[in-house]
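**Q** To start, I am sharing the structure in question, which I have written as structure tokens.
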Amino acid sequence: MISELIINAFLVTVMLAIAIALLKTRTVIFTVILTSAYSLVAALMFITLDAVDVAFTEASVGAGISTVLFLAAMAYLPKKEEETIDNQFIPALSCIILGAILIWCSYDLPQIGLVSSPIHQHVAPDYILGSRNDIGIPNIVTSVLASYRGYDTFGETIVVFTAGIAVLVLLQNNKKFSKDTKSKIKKKVGRNA
């Protein structure tokens, strides 16, 4: 129990350090790298909470696909970044207030792993007992995601797929727009010469 507490405290400290570094960074590439690192640490946090399926999703979507899409989108940004200095007091204050509210609300949650908590009294016994008998899948997580929550999982897959296609379409349209713009500029320069 003490070792889990130490690991969780370390992961929360790393997440807090990454969040502070995100507030301080001024370049887009470091923002992308830090958000990817934050997603990986969040995935580790989910593993310590015994939510391996959520950790896998966070690592693959949050750190994997999102990072690749952000890096692909960066290819269309100007090479020179504008130096803007904005007051970040209000966003930092709102994050601190939101974090304090979330921590305050977490005191109402049942203890992790407590057998008498409400989540273990409602449908979990039916899922555990019915997984092998009703569906024939020995792995409970697979049976819940593939059968009991099949529509939800399918919906999540469609959302991620649609987002990926939308980003690819936007990047492709941006590429066509830049080619058209370059050809128009060349024609105007040719006429003026």
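Convention: chains lettered A, B, ... in structure tokens order; per-chain residue numbering from 1; ligands numbered from 1 as shown.
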Show which residues sit within 7 Å of A:Met15, as an MDAnalysis selection string. Count only C-alpha atoms, and ignore same-chain residues fewer than 4 positions away.

**A** chainID A and resid 11 19 38 41

**Q** May I have the residues within 12 Å of A:Ser131 as number ranges by chain, using only C-alpha atoms and disregarding those fewer than 3 positions away in the same chain?

**A** A: 123-128, 134-148

**Q** Out of stretch 87-141 of chain A, which residues get helix (DSSP H, G or I) from DSSP, as a ChimeraX atom specification?

**A** /A:89-106,118-121,124-135,140-141

**Q** Mind giving me the straight-line distance from atom CA of A:Val12 to atom CA of A:Leu49 in Å, one decimal?

**A** 12.7 Å

**Q** Report, in Å to a single decimal, how far apart atom CA of A:Glu156 and atom CA of A:Met74 are.

**A**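 These atoms are spaced 25.9 Å apart.
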
**Q** Could you jot down the atom CA of A:Ile29 to atom CA of A:Ala63 separation for me, Å, one decimal place?

**A** 14.1 Å

**Q** Given only C-alpha atoms as the basis, pick out the residue of A:Val115, A:Leu34, A:Ala92, A:Val68 nearest to A:Leu168.

**A** A:Val68

**Q** Let me make sure I understand: among A:Ile101, A:Gly150, A:Phe70, A:Phe10, which one has the smallest atom-to-atom distance to A:Thr48 if we use only C-alpha atoms?

**A** A:Phe10

**Q** Quick one: of A:Ile90, A:Leu5, A:Ile20, A:Ile47, who's nearest to A:Thr35, counting only C-alpha atoms?

**A**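 The answer is A:Ile20, which sits nearest to A:Thr35.
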
**Q** Excluding A:Val52 and any residue of its chain fewer than 5 positions from it, enumerate the residues within 12 Å of it, using only C-alpha atoms, and give them as a list in words.

**A** Ala42, Ala43, Leu44, Met45, Phe46, Ile47, Thr57, Glu58, Ala59, Val141 and Thr142 of chain A

**Q** So that I can see what lies close to A:Val160, please list as a VMD selection string the residues with an atom at most 12 Å from it, counting only C-alpha atoms and leaving out residues fewer than 2 positions away in the same chain.

**A** chain A and resid 57 60 to 62 65 to 66 153 to 158 162 to 167
